[in-house]
Structure formats: C-alpha cells, structure tokens
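Content type mmCIF, C-alpha atoms, from the file input.cif:
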```
data_query
loop_
_atom_site.label_atom_id
_atom_site.label_comp_id
_atom_site.auth_asym_id
_atom_site.auth_seq_id
_atom_site.Cartn_x
_atom_site.Cartn_y
_atom_site.Cartn_z
CA MET A 245 55.90 28.97 113.09
CA SER A 246 58.24 29.95 115.81
CA ARG A 247 61.41 31.82 115.09
CA LEU A 248 63.47 28.88 116.32
CA ARG A 249 61.80 26.62 113.84
CA TRP A 250 62.61 28.99 110.95
CA LEU A 251 66.18 29.04 112.09
CA PHE A 252 66.22 25.26 112.02
CA VAL A 253 64.82 25.25 108.49
CA VAL A 254 67.46 27.73 107.37
CA LEU A 255 70.16 25.62 108.94
CA CYS A 256 68.83 22.55 107.13
CA MET A 257 68.91 24.49 103.89
CA ALA A 258 72.46 25.59 104.52
CA ALA A 259 73.42 22.01 105.19
CA GLY A 260 71.76 21.04 101.91
CA VAL A 261 73.72 23.70 100.05
CA GLY A 262 76.89 22.42 101.62
CA LEU A 263 76.07 18.85 100.64
CA GLY A 264 75.20 19.94 97.11
CA LEU A 265 78.44 21.85 96.71
CA TYR A 266 80.45 18.96 98.11
CA TYR A 267 78.74 16.54 95.75
CA GLY A 268 79.11 18.84 92.75
CA TRP A 269 82.69 19.87 93.35
CA ALA A 270 84.25 16.85 95.00
CA ILE A 271 82.24 13.68 94.45
CA SER A 272 80.93 14.25 90.94
CA PRO A 273 82.52 17.35 89.46
CA VAL A 274 81.93 18.48 85.91
CA LYS A 275 84.15 16.34 83.72
CA TYR A 276 86.07 17.96 80.92
CA VAL A 277 86.98 15.18 78.55
CA ASP A 278 87.17 17.01 75.26
CA THR A 279 89.52 19.79 76.15
CA THR A 280 91.58 21.89 73.78
CA PRO A 281 95.35 22.37 73.81
CA ALA A 282 94.77 25.91 75.08
CA MET A 283 93.70 24.34 78.39
CA LEU A 284 96.84 22.26 78.76
CA ARG A 285 99.01 22.77 81.79
CA VAL A 286 101.98 25.02 81.14
CA ASP A 287 104.56 22.22 81.18
CA PHE A 288 102.60 20.18 78.65
CA ARG A 289 102.27 23.26 76.44
CA ALA A 290 106.00 23.84 76.74
CA ASP A 291 106.69 20.23 75.87
CA TYR A 292 104.38 20.40 72.85
CA THR A 293 106.20 23.54 71.73
CA LEU A 294 109.49 21.73 72.18
CA MET A 295 108.22 18.94 69.91
CA VAL A 296 107.46 21.58 67.28
CA ALA A 297 110.95 23.00 67.78
CA GLU A 298 112.53 19.56 67.43
CA THR A 299 110.64 18.99 64.20
CA PHE A 300 111.53 22.47 62.96
CA GLN A 301 115.19 21.79 63.65
CA SER A 302 114.93 18.84 61.32
CA ASP A 303 112.75 20.10 58.49
CA GLN A 304 113.27 23.91 58.75
CA ASN A 305 109.64 24.33 57.71
CA LEU A 306 108.44 27.43 59.50
CA GLU A 307 104.96 27.34 57.98
CA ASN A 308 104.50 23.87 59.39
CA ALA A 309 105.79 24.91 62.79
CA ALA A 310 103.44 27.88 62.90
CA ARG A 311 100.51 25.69 61.87
CA HIS A 312 101.22 23.19 64.63
CA LEU A 313 101.60 25.97 67.19
CA ALA A 314 98.32 27.52 66.13
CA ILE A 315 96.34 24.82 67.91
CA LEU A 316 97.58 26.17 71.22
CA GLY A 317 95.26 29.15 70.96
CA SER A 318 94.62 32.42 69.22
CA GLU A 319 97.86 34.19 70.00
CA ALA A 320 100.70 34.56 67.51
CA PRO A 321 102.73 31.35 67.23
CA GLY A 322 105.86 33.12 68.39
CA GLU A 323 104.14 34.02 71.66
CA TYR A 324 103.80 30.36 72.58
CA VAL A 325 107.44 29.74 71.83
CA THR A 326 108.42 32.70 74.00
CA GLN A 327 106.26 31.36 76.84
CA ALA A 328 107.77 27.90 76.44
CA LEU A 329 111.24 29.40 76.39
CA ASP A 330 110.56 31.28 79.62
CA PHE A 331 109.24 28.12 81.23
CA ALA A 332 112.21 26.14 79.97
CA ARG A 333 114.67 28.63 81.40
CA GLN A 334 112.87 28.82 84.74
CA ASN A 335 112.82 25.06 85.02
CA LYS A 336 116.36 24.47 83.85
CA TYR A 337 115.61 22.52 80.74
CA ASN A 338 118.47 20.84 79.00
CA PRO A 339 120.53 23.55 77.19
CA ALA A 340 120.10 21.70 73.91
CA ASP A 341 116.32 21.93 74.27
CA ILE A 342 116.52 25.62 75.17
CA ASN A 343 118.61 26.19 72.07
CA LEU A 344 115.97 24.47 69.95
CA LEU A 345 113.27 26.71 71.39
CA GLN A 346 115.47 29.78 70.90
CA SER A 347 116.07 28.91 67.28
CA LEU A 348 112.36 28.54 66.65
CA ASP A 349 111.65 31.74 68.58
CA LEU A 350 114.15 33.69 66.52
CA ALA A 351 112.86 32.26 63.28
CA LEU A 352 109.27 33.14 64.14
CA GLN A 353 110.21 36.70 65.07
CA VAL A 354 111.16 37.44 61.49
CA TRP A 355 108.64 35.14 59.89
CA GLN A 356 106.19 36.64 57.45
CA PRO A 357 103.10 34.46 57.20
CA GLY A 358 102.46 33.52 53.61
CA ALA A 359 105.95 34.48 52.50
CA THR A 360 107.56 32.04 50.15
CA PRO A 361 110.71 30.37 51.38
CA GLN A 362 112.70 32.68 49.12
CA GLN A 363 111.17 35.74 50.75
CA ALA A 364 111.58 34.52 54.27
CA THR A 365 114.78 35.19 56.14
CA PRO A 366 116.98 32.16 55.79
CA ILE A 367 116.88 30.32 59.08
CA ALA A 368 120.47 29.31 58.73
CA THR A 369 121.54 32.91 59.18
CA LEU A 370 119.87 33.16 62.56
CA GLN A 371 122.10 32.31 65.45
CA ALA A 372 120.63 31.23 68.73
CA GLN A 373 122.17 32.79 71.80
CA PRO A 374 124.32 30.37 73.73
CA VAL A 375 122.67 29.17 76.91
CA GLN A 376 124.34 30.07 80.13
CA PRO A 377 124.93 26.92 82.14
CA MET B 175 49.84 18.14 111.43
CA ASN B 176 52.41 19.99 113.43
CA LYS B 177 54.54 16.84 113.55
CA PHE B 178 54.21 16.50 109.78
CA PHE B 179 55.56 20.00 109.23
CA ASN B 180 58.33 19.35 111.73
CA ILE B 181 59.63 16.59 109.45
CA LEU B 182 58.66 17.94 106.04
CA PHE B 183 60.12 21.40 106.43
CA PRO B 184 63.66 20.34 107.34
CA VAL B 185 63.67 17.69 104.62
CA ALA B 186 62.37 20.13 102.03
CA ALA B 187 64.93 22.67 103.17
CA VAL B 188 67.79 20.21 102.83
CA LEU B 189 66.61 19.16 99.36
CA LEU B 190 66.20 22.77 98.26
CA GLY B 191 69.63 23.60 99.61
CA PHE B 192 71.13 20.55 97.91
CA SER B 193 69.59 21.65 94.61
CA ILE B 194 70.95 25.14 95.02
CA GLY B 195 74.36 23.67 95.82
CA LEU B 196 74.31 21.53 92.68
CA VAL B 197 73.30 24.47 90.51
CA VAL B 198 76.21 26.45 91.90
CA ALA B 199 78.67 23.55 91.64
CA TRP B 200 77.71 22.37 88.18
CA GLU B 201 76.45 25.50 86.43
CA LEU B 202 77.40 28.75 88.10
CA ALA B 203 80.84 27.91 89.43
CA PRO B 204 81.86 24.49 88.19
CA THR B 205 85.25 23.14 89.01
CA ARG B 206 87.48 24.77 86.44
CA PHE B 207 90.04 22.67 84.71
CA ILE B 208 92.52 24.94 83.07
CA ASP B 209 95.61 22.89 83.72
CA THR B 210 94.63 19.74 81.93
CA SER B 211 96.82 16.93 80.69
CA PRO B 212 97.00 15.63 77.12
CA SER B 213 94.89 12.63 78.11
CA SER B 214 91.82 14.85 78.36
CA LEU B 215 92.22 16.36 74.90
CA ARG B 216 89.53 15.95 72.28
CA ILE B 217 90.32 13.10 69.89
CA ASP B 218 91.40 15.35 67.01
CA PHE B 219 93.74 17.32 69.27
CA LYS B 220 95.06 14.05 70.67
CA ASP B 221 95.81 13.00 67.11
CA GLU B 222 97.68 16.24 66.55
CA TYR B 223 99.58 15.83 69.82
CA ARG B 224 100.42 12.21 68.95
CA TYR B 225 101.54 13.21 65.49
CA MET B 226 103.89 15.82 66.97
CA ILE B 227 105.34 13.15 69.27
CA ALA B 228 106.02 10.99 66.23
CA SER B 229 107.36 13.92 64.28
CA ALA B 230 109.71 14.93 67.09
CA TYR B 231 110.83 11.31 67.37
CA ASN B 232 111.43 11.30 63.64
CA ALA B 233 113.64 14.36 64.08
CA THR B 234 115.57 13.31 67.19
CA GLY B 235 115.40 9.51 67.32
CA ASP B 236 114.85 9.74 71.07
CA LEU B 237 112.58 6.75 71.75
CA PRO B 238 112.48 7.02 75.57
CA ARG B 239 111.34 10.60 75.27
CA ALA B 240 108.70 9.64 72.70
CA GLN B 241 107.49 6.87 75.01
CA ALA B 242 107.27 9.24 77.97
CA ARG B 243 105.33 11.69 75.85
CA LEU B 244 102.98 8.99 74.58
CA ALA B 245 102.35 7.99 78.18
CA THR B 246 100.93 11.44 78.89
CA LEU B 247 98.16 10.69 76.38
CA GLY B 248 97.00 7.82 78.58
CA ASP B 249 96.62 5.34 75.72
CA THR B 250 96.67 1.81 77.07
CA ASN B 251 98.17 0.49 73.84
CA PRO B 252 100.13 3.25 72.07
CA VAL B 253 101.07 1.01 69.14
CA LYS B 254 97.46 0.17 68.43
CA VAL B 255 96.39 3.79 68.76
CA LEU B 256 99.16 4.90 66.39
CA GLY B 257 97.88 2.33 63.90
CA GLU B 258 94.32 3.54 64.25
CA GLN B 259 95.41 7.12 63.75
CA ALA B 260 97.39 6.14 60.66
CA GLN B 261 94.28 4.45 59.29
CA ARG B 262 92.20 7.55 59.99
CA MET B 263 94.80 9.63 58.16
CA MET B 264 94.80 7.23 55.24
CA ALA B 265 91.03 7.41 55.10
CA SER B 266 91.25 11.19 54.93
CA ASN B 267 93.83 11.00 52.14
CA SER B 268 96.65 12.47 54.21
CA SER B 269 100.10 12.52 52.73
CA MET B 270 101.98 9.22 52.88
CA LYS B 271 104.95 11.12 54.28
CA LEU B 272 102.93 12.04 57.36
CA ILE B 273 101.60 8.52 57.76
CA GLN B 274 105.12 7.13 57.45
CA ILE B 275 106.15 9.25 60.45
CA LEU B 276 103.51 7.50 62.57
CA ALA B 277 104.45 4.11 61.11
CA ASP B 278 108.10 4.68 61.97
CA LEU B 279 107.31 5.39 65.61
CA SER B 280 104.96 2.41 65.72
CA GLN B 281 107.68 0.20 64.29
CA SER B 282 110.25 1.47 66.77
CA LEU B 283 107.88 0.80 69.66
CA GLN B 284 107.22 -2.69 68.36
CA SER B 285 110.88 -3.43 67.91
CA ASN B 286 111.34 -2.47 71.55
CA PRO B 287 108.73 -4.85 73.00
CA ALA B 288 109.98 -4.63 76.56
CA ALA B 289 109.33 -0.92 76.66
CA VAL B 290 105.91 -1.26 75.04
CA ALA B 291 104.90 -4.08 77.35
CA SER B 292 105.73 -1.98 80.39
CA GLN B 293 103.87 0.99 79.01
CA PRO B 294 100.41 0.45 80.56
CA ALA B 295 101.73 -0.25 84.03
CA ASN B 296 104.57 2.22 84.05
CA PRO B 297 104.63 4.32 80.96
CA VAL B 298 107.80 6.16 81.85
CA PRO B 299 111.01 4.68 80.55
CA SER B 300 113.35 3.62 83.27
CA SER B 301 115.93 6.05 82.04
CA VAL B 302 113.77 8.90 83.28
CA ASP B 303 114.00 7.66 86.82
CA GLU B 304 117.70 7.31 86.47
CA GLN B 305 118.19 10.97 85.75
CA PRO B 306 119.74 12.94 88.56
CA PRO B 307 117.34 15.49 90.01
CA GLU B 308 117.47 18.74 88.18
CA PRO B 309 118.15 21.86 90.18
CA SER B 310 114.88 23.57 90.72
CA ALA B 311 113.99 27.16 90.10
CA SER B 312 111.69 27.23 93.06
CA PRO B 313 112.16 25.56 96.41
CA SER B 314 108.61 24.30 96.22
CA THR B 315 109.14 22.69 92.88
CA THR B 316 109.40 18.96 92.85
CA ASN B 317 112.51 17.45 91.40
CA ALA B 318 110.61 14.54 89.93
CA PRO B 319 110.56 14.58 86.17
CA ARG B 320 107.24 15.63 84.79
CA ALA B 321 106.64 12.34 83.06
CA THR B 322 106.90 10.59 86.39
CA GLU B 323 104.11 12.71 87.70
CA ALA B 324 102.09 12.09 84.58
CA ALA B 325 102.65 8.38 84.97
CA ALA B 326 101.48 8.51 88.54
CA GLU B 327 98.36 10.27 87.39
CA PHE B 328 97.55 7.76 84.75
CA THR B 329 98.30 4.70 86.78
CA SER B 330 96.66 5.61 90.02
CA LEU B 331 93.80 7.95 89.35
CA PRO B 332 90.63 7.77 87.31
CA GLU B 333 90.41 10.16 84.43
CA SER B 334 88.32 12.73 86.23
CA GLU B 335 90.97 13.04 88.87
CA THR B 336 93.87 13.46 86.55
CA GLN B 337 92.97 17.07 86.06
CA THR B 338 94.15 19.77 88.33
CA GLU B 339 91.64 22.10 89.83
CA GLU B 340 91.89 25.81 89.31
CA PRO B 341 92.79 26.93 92.84
CA ALA B 342 96.13 25.34 92.27
CA SER B 343 98.04 28.56 91.97
CA ALA B 344 100.49 27.36 94.54
CA SER B 345 100.85 23.96 92.99
CA PRO B 346 104.41 23.09 92.13
CA VAL B 347 105.33 23.22 88.50
CA PRO B 348 107.04 19.96 87.76
CA THR B 349 110.28 19.78 85.94
CA SER B 350 109.66 18.85 82.35
CA LEU B 351 110.77 15.62 80.82
CA ALA B 352 112.52 17.92 78.43
CA THR B 353 115.28 18.06 81.00
CA LEU B 354 116.31 14.63 79.88
CA PRO B 355 119.63 14.91 78.12
CA ALA B 356 119.10 15.12 74.42
CA PRO B 357 120.54 12.19 72.54
CA PRO B 358 123.10 12.80 69.85
CA LYS B 359 121.38 13.97 66.74
CA GLN B 360 120.71 11.09 64.44
CA THR B 361 121.58 11.44 60.85
CA ALA B 362 119.16 9.65 58.62
CA THR B 363 120.88 7.00 56.59
CA PHE B 364 119.37 4.76 54.00
CA THR B 365 119.28 1.17 55.07
CA PRO B 366 118.34 -1.08 52.19
CA VAL B 367 115.46 -3.40 53.01
CA PRO B 368 116.22 -6.98 51.98
CA ALA B 369 113.89 -8.12 49.26
CA PHE B 370 110.74 -9.97 50.18
CA GLU B 371 109.70 -13.08 48.32
CA LEU B 372 106.20 -14.34 48.02
CA ALA B 373 106.31 -17.49 50.13
CA LYS B 374 102.66 -18.45 49.93
CA GLN B 375 99.48 -17.30 48.24
CA SER B 376 96.15 -18.81 49.12
CA SER B 377 92.45 -18.10 48.73
CA LEU B 378 90.30 -18.05 51.83
CA CYS B 379 86.58 -18.32 52.36
CA GLU B 380 85.77 -16.44 55.54
CA PRO B 381 82.20 -15.13 55.61
CA SER B 382 83.15 -12.78 58.47
CA GLN B 383 85.88 -11.15 56.39
CA PRO B 384 84.86 -11.19 52.74
CA ALA B 385 87.06 -9.75 49.98
CA LEU B 386 89.98 -9.03 52.26
CA LEU B 387 93.55 -9.04 51.00
CA GLN B 388 95.58 -10.20 53.97
CA ILE B 389 99.33 -9.66 53.86
CA TYR B 390 101.87 -11.07 56.28
CA LEU B 391 105.50 -9.93 56.14
CA SER B 392 108.29 -11.67 58.01
CA ASP B 393 112.05 -11.68 57.94
CA ALA B 394 114.36 -14.61 57.41
CA LYS B 395 113.81 -15.71 61.02
CA ILE B 396 110.01 -15.66 60.57
CA LYS B 397 109.82 -12.54 62.75
CA PRO B 398 107.02 -10.18 61.63
CA VAL B 399 108.23 -7.00 59.96
CA ALA B 400 106.29 -3.79 60.63
CA GLY B 401 106.41 -0.44 58.88
CA ILE B 402 106.77 -1.79 55.35
CA GLU B 403 105.03 0.37 52.77
CA LEU B 404 102.77 -1.53 50.40
CA ILE B 405 101.29 -0.19 47.19
CA ILE B 406 98.14 -1.64 45.71
CA THR B 407 97.17 -0.60 42.22
CA TRP B 408 94.25 -1.27 39.95
CA PHE B 409 93.02 0.15 36.71
CA GLY B 410 92.59 3.82 37.49
CA GLY B 411 93.75 3.84 41.08
CA GLU B 412 96.51 3.33 43.61
CA GLU B 413 96.69 3.27 47.39
CA HIS B 414 99.53 3.01 49.90
CA PHE B 415 99.37 1.32 53.26
CA PHE B 416 101.73 -0.15 55.84
CA SER B 417 102.30 -3.34 57.72
CA GLY B 418 102.15 -3.16 61.49
CA LEU B 419 99.08 -0.98 61.86
CA LYS B 420 97.09 -3.88 63.32
CA PRO B 421 99.53 -5.29 65.83
CA GLU B 422 96.73 -7.18 67.56
CA ILE B 423 96.75 -9.52 64.54
CA SER B 424 100.48 -9.46 63.85
CA PRO B 425 103.15 -6.74 63.75
CA GLY B 426 103.84 -7.79 60.17
CA TYR B 427 100.21 -7.79 59.10
CA ALA B 428 98.41 -5.46 56.70
CA ASP B 429 95.12 -5.78 54.90
CA TYR B 430 93.10 -4.12 52.22
CA THR B 431 89.46 -4.58 51.28
CA LEU B 432 89.11 -5.58 47.65
CA ASN B 433 86.27 -4.81 45.30
CA GLU B 434 84.71 -7.65 43.38
CA ASN B 435 85.52 -7.94 39.68
CA VAL B 436 88.54 -5.69 39.96
CA GLU B 437 92.04 -6.97 39.37
CA TYR B 438 94.79 -5.66 41.63
CA ASP B 439 98.56 -5.64 41.70
CA LEU B 440 100.44 -5.42 44.98
CA SER B 441 103.98 -4.06 45.33
CA ILE B 442 106.31 -3.74 48.29
CA ALA B 443 107.53 -0.19 47.91
CA ALA B 444 111.08 -0.56 49.22
CA THR B 445 112.00 -3.71 47.36
CA GLY B 446 109.81 -3.66 44.30
CA THR B 447 108.47 -7.17 44.92
CA ARG B 448 105.25 -7.40 42.96
CA VAL B 449 102.27 -9.74 42.86
CA THR B 450 99.89 -9.29 39.98
CA GLY B 451 96.43 -10.49 39.04
CA LEU B 452 94.85 -10.44 42.48
CA ARG B 453 91.09 -10.98 42.27
CA THR B 454 88.49 -12.19 44.71
CA THR B 455 87.11 -15.64 44.11
CA GLY B 456 83.54 -16.75 44.74
CA CYS B 457 82.80 -18.58 47.97
CA THR B 458 79.57 -20.15 49.12
CA ASP B 459 78.36 -20.06 52.69
CA ALA B 460 76.37 -22.75 54.52
CA SER B 461 73.04 -21.45 53.24
CA GLY B 462 74.21 -21.37 49.64
CA ASN B 463 74.82 -17.65 49.33
CA VAL B 464 77.78 -16.61 47.25
CA TYR B 465 80.21 -14.05 48.67
CA PRO B 466 83.66 -12.82 47.64
CA GLY B 467 86.54 -14.72 49.17
CA SER B 468 89.73 -13.35 50.65
CA ILE B 469 93.34 -13.67 49.58
CA ARG B 470 96.23 -14.34 51.89
CA LEU B 471 99.77 -13.42 50.83
CA GLU B 472 102.78 -14.36 52.90
CA PHE B 473 106.04 -12.62 52.13
CA LYS B 474 109.35 -13.65 53.57
CA GLN B 475 112.84 -12.28 53.36
CA PRO B 476 115.31 -14.88 52.15
#
```
The structure in this file should be written as structure tokens.
Amino acid sequence: MSRLRWLFVVLCMAAGVGLGLYYGWAISPVKYVDTTPAMLRVDFRADYTLMVAETFQSDQNLENAARHLAILGSEAPGEYVTQALDFARQNKYNPADINLLQSLDLALQVWQPGATPQQATPIATLQAQPVQP
Amino acid sequence: MNKFFNILFPVAAVLLGFSIGLVVAWELAPTRFIDTSPSSLRIDFKDEYRYMIASAYNATGDLPRAQARLATLGDTNPVKVLGEQAQRMMASNSSMKLIQILADLSQSLQSNPAAVASQPANPVPSSVDEQPPEPSASPSTTNAPRATEAAAEFTSLPESETQTEEPASASPVPTSLATLPAPPKQTATFTPVPAFELAKQSSLCEPSQPALLQIYLSDAKIKPVAGIELIITWFGGEEHFFSGLKPEISPGYADYTLNENVEYDLSIAATGTRVTGLRTTGCTDASGNVYPGSIRLEFKQP
C-alpha cells in the first residue's frame, strides 16, 4: 500500500475517533441519575446546609443536624457548615440566613459527638457574630 | 481487489476510530458531573433532601422558599411525591413526628392550590422574581436567583442536560435563593381542629379494591381537609396515618387495608371522634367468588 493510502486510513481513523468522542461526550454522554449529595453543586449544598441550620434553629438538636449534614460526604459536619458559610458570605446571602449558618457553625465547633445534651455546651450561650451589612 | 481495499480500509478505520472514541468518552474519560442538581439524586437522598425542605418549612413557615426548593427536585407533582414519601416512611415505621412534618408541607401546598398548579410549568414562586437583584460578589456572577436558574433547567432541558459538565470552572455561581428575605419567625400556636362527625358509613363491594377502609374528611363547606392524623386500632395493634397523602383521589382522602376477621376502631387524633366495630363484609363477584368488601367513612365538620 502506498504511503498516501496509509495516511488516508489514519485520517479516517482520526475522524472516527472524533466522531466517537463527539457522540460519547455530546450526543449521548454518560448519564448520572443516581448521584449522591456529595456531587451537588456548591449552591445546592449551601442551601441544604441552610435547611439544616433553619431546622436546628427551631429544634436545637445538634445530633440531628450533624446526622443530616453527614450525607454531604465524609468530612466533619462542621466543615460543610463552614463551606456553606463562606459561600453565603461571598454571595451576599440574607444576613438572617448567614446568622443561622453561623449559629450552627459555632455549635458544631464545640459539639462532642455522642455527648448527652447535659454534657454538650448549651447552644443558648453561643452568640453568633453580627453580620456586617 | 484493489478497489475493495480502497473502500474497506477507510470504513474499517473510521469504525475503529469511532470505537476508540466511544471507549475514551464513556469509559476512560466520561463527562464528569460533579456539579449536579438535586433532581439527579438517588431516590433515598432525594427523600432526605425533601424531608429537609419540609423540616426547614416547619421551622420557618416560608412556603415560597419551600416551593422553590421543591422545584429543584424536579418532581412534577410535589404534593403527590410528598405523600408517597410519607407512605414509604410509614411502611418503614418512621416516627409519626417526622411523617407529620411532610404532611404539614403537603397540606400547606394543597391549601395554596394556585402555587401548586403553577409548579410544573414554573416552579419558582413569583415572589422570587420580584426580588431586587442582589449585589454580586463577582462581576461574572448572574444576579438571577438560583431557583430561577433551576427552574429554567427543569422546564427547558431534558434530565441529562440539567447537569453541568466538569470544565465549568469559569461558570458563574448563581446567587442562592437563600438571598430571599427571611420571613418573620413563626411561633407555633395551637389551633383547635373543629370536631368531625361521621356523616356517612357504607359498605362497598369493589373487587379491584378489596378490604379497603376509605376515609373522606371535609369541612363544613364540603371542602376536603388534608393533614388530619387518623389512628386505627385493633386487638394488639395500632397505626397512624394521614389524610391528604393521595391527593389524586381527594385532598381529604385516606385509606387503610383491613385484614379479614379483625375488628378495628378508627379515631381522628385531634378531635377524638371515634368509629368502632369496623369489619370487612363478604362480597361476591360475578363468578361467585367471595372476597372481602370495603368500608367507606365520610366525616364532616359541623
């Protein structure tokens, strides 16, 4: 076979690779339908954390809050609240929402997993820092 | 022969290349979805996410925010899905307190039919659009509330396209719906539920629904009442369930599958209204087979 013909074959192959990639990435990409909360976009994670903070504000149940935050991944629950708080500040969340996240963040910083409510630091004594407008 | 190779080789090369491309695209370097939306979550995580929406609503009473959050899950009928989740939780013997949280949100959505009806087409409450644009931390950041973006995703794109591809490092981070002003904190107050009276009790023979206790609750204006806790007891057992978990039948509907030869008592938890001695009766179908009949109870507030 002539060299030109080999070149043509290689070009055809390259075109096939290109078509395959286009089909696999653009036309029919791998579908992720059963994702985990760890894969959520940062704003959804922050919003989920805010829901936990809103619930915590109402029931003051830190064990519950930590359990709900645990589905976000393998890091410590407080880490997710800190991340959400950073995101909230960067994106100018409502000050009331930032306060809720701060309260939960502070409470989790002193939280001892497994501690009875009597052993845990009373949440009421923790004061969230006022949010700068 | 030469002509044959002239055609075969390029075709074979394209096919081989295509296969290599697919292997790369699907196996070696598939499109990575790390910034997914709640709509793509596995069903158990969706349940958890939905429960947190209900729980946050229970704490804040902010229905528009709860609706915007529910819209991110992409459920076409949030009320129905809440009911199904409540039933799953009941089946797994979850605490009634947790189920009540879902029932409360379901009831609030049903009592705000305009908002629920607009949910599939435009799941974001109008109040979101009315918010003034929030100042943005980054010039590239869109001022549109996040829920608006989520709504656009769910209304205009198929599921596979609602996910953001990995090389989106420069993609703008939308402002969260959390920027909506928080409503004044609601203080829970006890609102006495007017007593229900048994308006009608009848036996039904429906071969498609044997041994079903059907309960319909309505107020004085014959408007169905959702979210009412019902307690069914029998010798050695008790179960709680709620009206409104099957809104496709009626917002004030609840049912319970009875066992044959067992006598049940039904109570309405909030008011203490009680119906005793509920038993299935024998029915006969067209071919002469006997099956347990159903019971229909209609309660009305005076």
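Atom pair atom CA of Thr250 of chain B / atom CA of Glu222 of chain B: separated by 17.9 Å.
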**Asked** Got a sec to resolve the PyMOL selection byres ((chain B and resi 198) around 12) on this structure and send the residues as a PyMOL selection string?
**Response** (chain A and resi 261-269+273-274) or (chain B and resi 191-197+199-205)
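Atom pair atom CA of Ile423 of chain B / atom CA of Gln475 of chain B: separated by 19.8 Å.
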**Request:** Determine the nearest neighbour of Ala297 of chain A from the options B:Ser213, B:Ala230, B:Tyr430, B:Ala186, counting all atoms listed in the file.
**Result:** B:Ala230
**Ground truth for the PyMOL selection byres ((chain A) within 7 of (chain B)), written as a ChimeraX atom specification** = /A:253,256-265,268-269,273-275,277-281,283-285,287-288,291,295-296,298-299,302,334-335,337-338,340-341
**Message:** Applying 9 Å and only C-alpha atoms, which residues near His312 of chain A remain after dropping the ones on its own chain fewer than 2 positions away? List them as a ChimeraX atom specification.
**Reply:** /A:293,296,307-310,314-316,321 /B:222,226
**Message:** Evaluate the PyMOL selection byres ((chain B and resi 270-279) around 6) against this structure - the residues, as an MDAnalysis selection string, please.
**Reply:** chainID B and resid 228 260 269 280:282 401
At the level of N, CA and C atoms, write segment 282-304 of chain A to a file as a compact mmCIF listing (two decimals), in the first residue's frame, please.
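In the end it all went to decode13.txt:
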```txt
# COMPACT_ATOMS: atom_id res chain seq x y z
N ALA A 282 -22.88 14.47 47.82
CA ALA A 282 -21.51 14.97 47.73
C ALA A 282 -21.22 15.56 46.36
N MET A 283 -22.02 15.15 45.36
CA MET A 283 -21.80 15.64 43.99
C MET A 283 -22.63 16.88 43.69
N LEU A 284 -23.39 17.34 44.64
CA LEU A 284 -24.23 18.51 44.39
C LEU A 284 -23.38 19.75 44.15
N ARG A 285 -23.92 20.63 43.34
CA ARG A 285 -23.26 21.90 43.08
C ARG A 285 -23.19 22.69 44.39
N VAL A 286 -22.20 23.55 44.48
CA VAL A 286 -21.91 24.20 45.76
C VAL A 286 -23.11 25.00 46.29
N ASP A 287 -23.88 25.62 45.41
CA ASP A 287 -25.01 26.41 45.92
C ASP A 287 -26.12 25.52 46.45
N PHE A 288 -26.30 24.34 45.85
CA PHE A 288 -27.30 23.42 46.38
C PHE A 288 -26.84 22.86 47.74
N ARG A 289 -25.51 22.59 47.83
CA ARG A 289 -25.01 22.10 49.12
C ARG A 289 -25.20 23.16 50.19
N ALA A 290 -24.92 24.41 49.81
CA ALA A 290 -25.08 25.51 50.78
C ALA A 290 -26.55 25.64 51.18
N ASP A 291 -27.44 25.46 50.22
CA ASP A 291 -28.86 25.60 50.54
C ASP A 291 -29.32 24.45 51.43
N TYR A 292 -28.81 23.25 51.15
CA TYR A 292 -29.15 22.11 52.01
C TYR A 292 -28.66 22.38 53.44
N THR A 293 -27.43 22.90 53.54
CA THR A 293 -26.89 23.20 54.86
C THR A 293 -27.73 24.26 55.55
N LEU A 294 -28.21 25.21 54.77
CA LEU A 294 -29.07 26.24 55.35
C LEU A 294 -30.37 25.63 55.88
N MET A 295 -30.90 24.64 55.15
CA MET A 295 -32.11 23.96 55.65
C MET A 295 -31.83 23.30 57.01
N VAL A 296 -30.66 22.68 57.10
CA VAL A 296 -30.28 22.06 58.38
C VAL A 296 -30.19 23.13 59.46
N ALA A 297 -29.61 24.28 59.09
CA ALA A 297 -29.46 25.37 60.06
C ALA A 297 -30.83 25.92 60.49
N GLU A 298 -31.74 26.01 59.54
CA GLU A 298 -33.09 26.50 59.87
C GLU A 298 -33.78 25.54 60.83
N THR A 299 -33.62 24.25 60.56
CA THR A 299 -34.22 23.25 61.44
C THR A 299 -33.57 23.29 62.82
N PHE A 300 -32.23 23.43 62.82
CA PHE A 300 -31.50 23.48 64.09
C PHE A 300 -31.95 24.68 64.92
N GLN A 301 -32.16 25.79 64.25
CA GLN A 301 -32.62 26.99 64.95
C GLN A 301 -33.91 26.71 65.71
N SER A 302 -34.73 25.84 65.11
CA SER A 302 -36.03 25.56 65.70
C SER A 302 -35.96 24.49 66.78
N ASP A 303 -35.22 23.40 66.49
CA ASP A 303 -35.27 22.29 67.46
C ASP A 303 -34.04 22.20 68.36
N GLN A 304 -32.96 22.95 68.02
CA GLN A 304 -31.73 22.94 68.83
C GLN A 304 -31.19 21.53 69.03
```
